[in-house]
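The structure appears right after this line, and notes come after that.
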Amino acid sequence: MKILVTDDSKMARKMVIKTLNEDIKENLEIFEAQNGQEALDLYKEISPTIVFLDLTMPIMDGFTALEKIKEFDKNARVVIISADIQKLSMDRVLKLGAFDFVKKPIDSTKMKQIFEKIK
């Protein structure tokens with residue numbers, strides 16, 4: 001299973017990857033992107049099963065990246081992981097087609113729930 005983890009913070013990416021490796025007992029191929037543009041380019045190249053995407057990033061933010069990924073593949077599964085938990089932001093990403101919205105940091109329980117939903 002290909003997974004794309006996108007966050008401008010290397011530490012945030014490491015935390016998501018650590019949770020994935022500890023909780024998801026499948027063969028995972030994990031890719032990383034530092035901004036929305038990298039995420040979009042990688043998405044087109046590798047067609048991941050799921051994308052974990054931050055909202056606040058340089059070059060291209062998560063809102064724009066989500067929109068462009070969904071334009072490219074309407075069935076894309078994009079989970080927003082963000083510290084921005086304003087209702088307006090949550091509503092906006094769900095309207096744009098996000099699969100789920102998770103407050104940083106993602107925990108084991110939430111990670112397992114997401115993977116149950118995609119099976």
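Every chain in the structure tokens takes a letter, A first, then B, and so on in the order presented; its residues are numbered from 1, and the ligands are numbered from 1 following the presented order.
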Inset, instruction - Do a neighbour search on Ile46 (chain A) at 10 Å with only C-alpha atoms, toss out local chain neighbours closer than 5 positions, and write the hits as a ChimeraX atom specification. - result: /A:2-4,31,41
May I have the selected residues written with all heavy atoms, as a PDB file, in the first residue's frame?
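Just written: part_26.pdb:
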ATOM      1  N   LYS A   2       0.641   2.132  -0.962  1.00  0.00           N
ATOM      2  CA  LYS A   2       1.412   3.370  -1.055  1.00  0.00           C
ATOM      3  C   LYS A   2       0.721   4.470  -0.256  1.00  0.00           C
ATOM      4  O   LYS A   2      -0.487   4.683  -0.392  1.00  0.00           O
ATOM      5  CB  LYS A   2       1.533   3.808  -2.512  1.00  0.00           C
ATOM      6  CG  LYS A   2       2.373   2.891  -3.355  1.00  0.00           C
ATOM      7  CD  LYS A   2       2.427   3.396  -4.777  1.00  0.00           C
ATOM      8  CE  LYS A   2       3.202   2.426  -5.645  1.00  0.00           C
ATOM      9  NZ  LYS A   2       3.167   2.824  -7.053  1.00  0.00           N
ATOM     10  N   ILE A   3       1.531   5.148   0.555  1.00  0.00           N
ATOM     11  CA  ILE A   3       1.011   6.226   1.406  1.00  0.00           C
ATOM     12  C   ILE A   3       1.887   7.460   1.209  1.00  0.00           C
ATOM     13  O   ILE A   3       3.118   7.364   1.212  1.00  0.00           O
ATOM     14  CB  ILE A   3       1.017   5.805   2.890  1.00  0.00           C
ATOM     15  CG1 ILE A   3       0.097   4.595   3.060  1.00  0.00           C
ATOM     16  CG2 ILE A   3       0.580   6.961   3.782  1.00  0.00           C
ATOM     17  CD1 ILE A   3       0.144   3.966   4.408  1.00  0.00           C
ATOM     18  N   LEU A   4       1.236   8.604   1.045  1.00  0.00           N
ATOM     19  CA  LEU A   4       1.946   9.865   0.885  1.00  0.00           C
ATOM     20  C   LEU A   4       1.693  10.737   2.108  1.00  0.00           C
ATOM     21  O   LEU A   4       0.541  11.025   2.448  1.00  0.00           O
ATOM     22  CB  LEU A   4       1.462  10.577  -0.389  1.00  0.00           C
ATOM     23  CG  LEU A   4       2.030  11.968  -0.676  1.00  0.00           C
ATOM     24  CD1 LEU A   4       3.546  11.973  -0.709  1.00  0.00           C
ATOM     25  CD2 LEU A   4       1.460  12.500  -1.987  1.00  0.00           C
ATOM     26  N   PHE A  31       5.854   7.545   1.155  1.00  0.00           N
ATOM     27  CA  PHE A  31       6.511   8.629   0.438  1.00  0.00           C
ATOM     28  C   PHE A  31       6.268   9.914   1.213  1.00  0.00           C
ATOM     29  O   PHE A  31       5.258  10.045   1.890  1.00  0.00           O
ATOM     30  CB  PHE A  31       5.925   8.765  -0.975  1.00  0.00           C
ATOM     31  CG  PHE A  31       6.114   7.543  -1.825  1.00  0.00           C
ATOM     32  CD1 PHE A  31       5.230   6.475  -1.731  1.00  0.00           C
ATOM     33  CD2 PHE A  31       7.189   7.448  -2.695  1.00  0.00           C
ATOM     34  CE1 PHE A  31       5.402   5.334  -2.498  1.00  0.00           C
ATOM     35  CE2 PHE A  31       7.374   6.303  -3.469  1.00  0.00           C
ATOM     36  CZ  PHE A  31       6.475   5.244  -3.375  1.00  0.00           C
ATOM     37  N   ASP A  41       2.578  16.582  -7.346  1.00  0.00           N
ATOM     38  CA  ASP A  41       3.473  15.941  -8.319  1.00  0.00           C
ATOM     39  C   ASP A  41       3.657  14.460  -8.002  1.00  0.00           C
ATOM     40  O   ASP A  41       3.589  13.604  -8.891  1.00  0.00           O
ATOM     41  CB  ASP A  41       4.834  16.649  -8.354  1.00  0.00           C
ATOM     42  CG  ASP A  41       4.729  18.082  -8.884  1.00  0.00           C
ATOM     43  OD1 ASP A  41       3.694  18.431  -9.503  1.00  0.00           O
ATOM     44  OD2 ASP A  41       5.671  18.862  -8.657  1.00  0.00           O
TER      45      ASP A  41
END
Inset, instruction - Would you please extract all strand (DSSP E or B) residues from region 45-85 of chain A, as assigned by DSSP on the backbone, and give them as number ranges by chain? - result: A: 50-53, 78-82
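Proximity ranking of A:Asp107, A:Glu116, A:Glu38, A:Asp91 relative to Ala65 (chain A) places A:Glu38 first, based on only C-alpha atoms.
For the choices A:Ala76, A:Lys110, A:Ile118, A:Ser82, the atom-to-atom distance to Ala98 (chain A) is smallest for A:Ala76 when using only C-alpha atoms.
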Inset, instruction - Identify, on the basis of only C-alpha atoms, every residue whose closest approach to region 71-75 of chain A does not exceed 10 Å; exclude the query and any residue fewer than 5 positions from it along the same chain; express the result as a PyMOL selection string. - result: chain A and resi 40+43-44+47+49+65-66+96-97+99
Selection from above, C-alpha atoms, as a PDB file, in the first residue's frame, can you write it?
ATOM      1  CA  LEU A  40       0.474  16.909  -6.169  1.00  0.00           C
ATOM      2  CA  TYR A  43       0.389  11.873  -6.339  1.00  0.00           C
ATOM      3  CA  LYS A  44       0.382  11.974 -10.135  1.00  0.00           C
ATOM      4  CA  SER A  47      -1.055   7.070  -7.226  1.00  0.00           C
ATOM      5  CA  THR A  49      -3.836   4.611  -1.676  1.00  0.00           C
ATOM      6  CA  ALA A  65      -3.234  20.719  -2.966  1.00  0.00           C
ATOM      7  CA  LEU A  66      -6.419  18.906  -1.905  1.00  0.00           C
ATOM      8  CA  LEU A  96     -13.343  20.046  -1.212  1.00  0.00           C
ATOM      9  CA  GLY A  97     -13.593  16.284  -0.784  1.00  0.00           C
ATOM     10  CA  PHE A  99     -11.723  11.776   3.288  1.00  0.00           C
TER      11      PHE A  99
END
Inset, instruction - Within 12 Å of Leu94 (chain A), counting only C-alpha atoms, which residues show up once you throw out same-chain ones fewer than 4 positions away? Write them as a ChimeraX atom specification, please. - result: /A:63,66-67,70,77-80,87-90,98-102
Store the residues picked out above in a file with N, CA and C atoms, as a compact mmCIF listing (two decimals), in the first residue's frame.
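And here's selection29.txt as it stands now:
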# COMPACT_ATOMS: atom_id res chain seq x y z
N PHE A 63 -5.08 23.28 1.27
CA PHE A 63 -6.38 23.50 0.63
C PHE A 63 -6.25 23.37 -0.89
N LEU A 66 -5.25 19.79 -1.96
CA LEU A 66 -6.42 18.91 -1.91
C LEU A 66 -7.30 19.12 -3.14
N GLU A 67 -7.56 20.38 -3.45
CA GLU A 67 -8.41 20.71 -4.59
C GLU A 67 -7.82 20.15 -5.89
N LYS A 70 -7.89 16.28 -6.03
CA LYS A 70 -9.26 15.81 -6.32
C LYS A 70 -9.66 16.09 -7.77
N ARG A 77 -8.17 9.56 -1.80
CA ARG A 77 -8.45 9.58 -0.36
C ARG A 77 -7.40 10.46 0.31
N VAL A 78 -7.84 11.64 0.73
CA VAL A 78 -6.94 12.61 1.34
C VAL A 78 -7.41 12.89 2.76
N VAL A 79 -6.54 12.59 3.73
CA VAL A 79 -6.84 12.86 5.13
C VAL A 79 -6.06 14.10 5.54
N ILE A 80 -6.77 15.11 6.00
CA ILE A 80 -6.12 16.33 6.47
C ILE A 80 -5.70 16.12 7.92
N LYS A 87 -13.68 25.55 12.66
CA LYS A 87 -14.82 24.94 11.95
C LYS A 87 -14.80 25.33 10.47
N LEU A 88 -14.45 26.56 10.18
CA LEU A 88 -14.40 27.04 8.80
C LEU A 88 -13.43 26.21 7.95
N SER A 89 -12.26 25.93 8.53
CA SER A 89 -11.26 25.13 7.80
C SER A 89 -11.75 23.70 7.61
N MET A 90 -12.33 23.12 8.66
CA MET A 90 -12.85 21.75 8.56
C MET A 90 -13.93 21.66 7.50
N ALA A 98 -12.19 16.10 1.19
CA ALA A 98 -11.29 15.36 2.09
C ALA A 98 -11.99 14.11 2.63
N PHE A 99 -11.22 13.05 2.77
CA PHE A 99 -11.72 11.78 3.29
C PHE A 99 -12.00 11.88 4.79
N ASP A 100 -11.14 12.64 5.47
CA ASP A 100 -11.27 12.81 6.92
C ASP A 100 -10.45 14.02 7.34
N PHE A 101 -10.71 14.51 8.55
CA PHE A 101 -9.97 15.62 9.13
C PHE A 101 -9.54 15.21 10.53
N VAL A 102 -8.24 15.28 10.80
CA VAL A 102 -7.70 14.86 12.08
C VAL A 102 -6.88 15.99 12.69
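Checking A:Met1, A:Val16, A:Leu28, A:Ile50 one by one against Lys117 (chain A), counting only C-alpha atoms, you find the shortest gap at A:Ile50.
The closest residue to Ile106 (chain A), picked from A:Met11, A:Met60, A:Ile30, A:Leu20 and counting only C-alpha atoms, is A:Leu20.
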Legend entry - All helix (DSSP H, G or I) positions in chain A, as a count of residues only: 57
Inset, instruction - Please indicate the distance in Å from CA of Ile59 (chain A) to CA of Asn35 (chain A), rounded to one decimal place. - result: 6.4 Å
For Lys103 (chain A): contacts at 8 Å, only C-alpha atoms, fewer than 5 positions along chain excluded, given as a PDB file with N, CA and C atoms, in the first residue's frame:
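Result written to selection.pdb:
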ATOM      1  N   ILE A  81      -4.421  16.372   8.193  1.00  0.00           N
ATOM      2  CA  ILE A  81      -3.916  16.349   9.574  1.00  0.00           C
ATOM      3  C   ILE A  81      -3.394  17.751   9.838  1.00  0.00           C
ATOM      4  N   SER A  82      -4.094  18.478  10.717  1.00  0.00           N
ATOM      5  CA  SER A  82      -3.747  19.879  10.908  1.00  0.00           C
ATOM      6  C   SER A  82      -3.973  20.339  12.333  1.00  0.00           C
ATOM      7  N   ALA A  83      -3.213  21.353  12.723  1.00  0.00           N
ATOM      8  CA  ALA A  83      -3.426  21.999  14.015  1.00  0.00           C
ATOM      9  C   ALA A  83      -4.534  23.049  13.881  1.00  0.00           C
ATOM     10  N   ASP A  84      -4.868  23.391  12.631  1.00  0.00           N
ATOM     11  CA  ASP A  84      -5.920  24.362  12.348  1.00  0.00           C
ATOM     12  C   ASP A  84      -7.266  23.655  12.451  1.00  0.00           C
ATOM     13  N   ILE A  85      -7.891  23.745  13.621  1.00  0.00           N
ATOM     14  CA  ILE A  85      -9.141  23.016  13.831  1.00  0.00           C
ATOM     15  C   ILE A  85     -10.351  23.953  13.852  1.00  0.00           C
TER      16      ILE A  85
END
Legend entry - Nearby residues (only C-alpha atoms) at most 9 Å from region 22-27 of chain A, same-chain spacing under 6 positions excluded, as a ChimeraX atom specification: /A:1-2,108-109,111-112,115
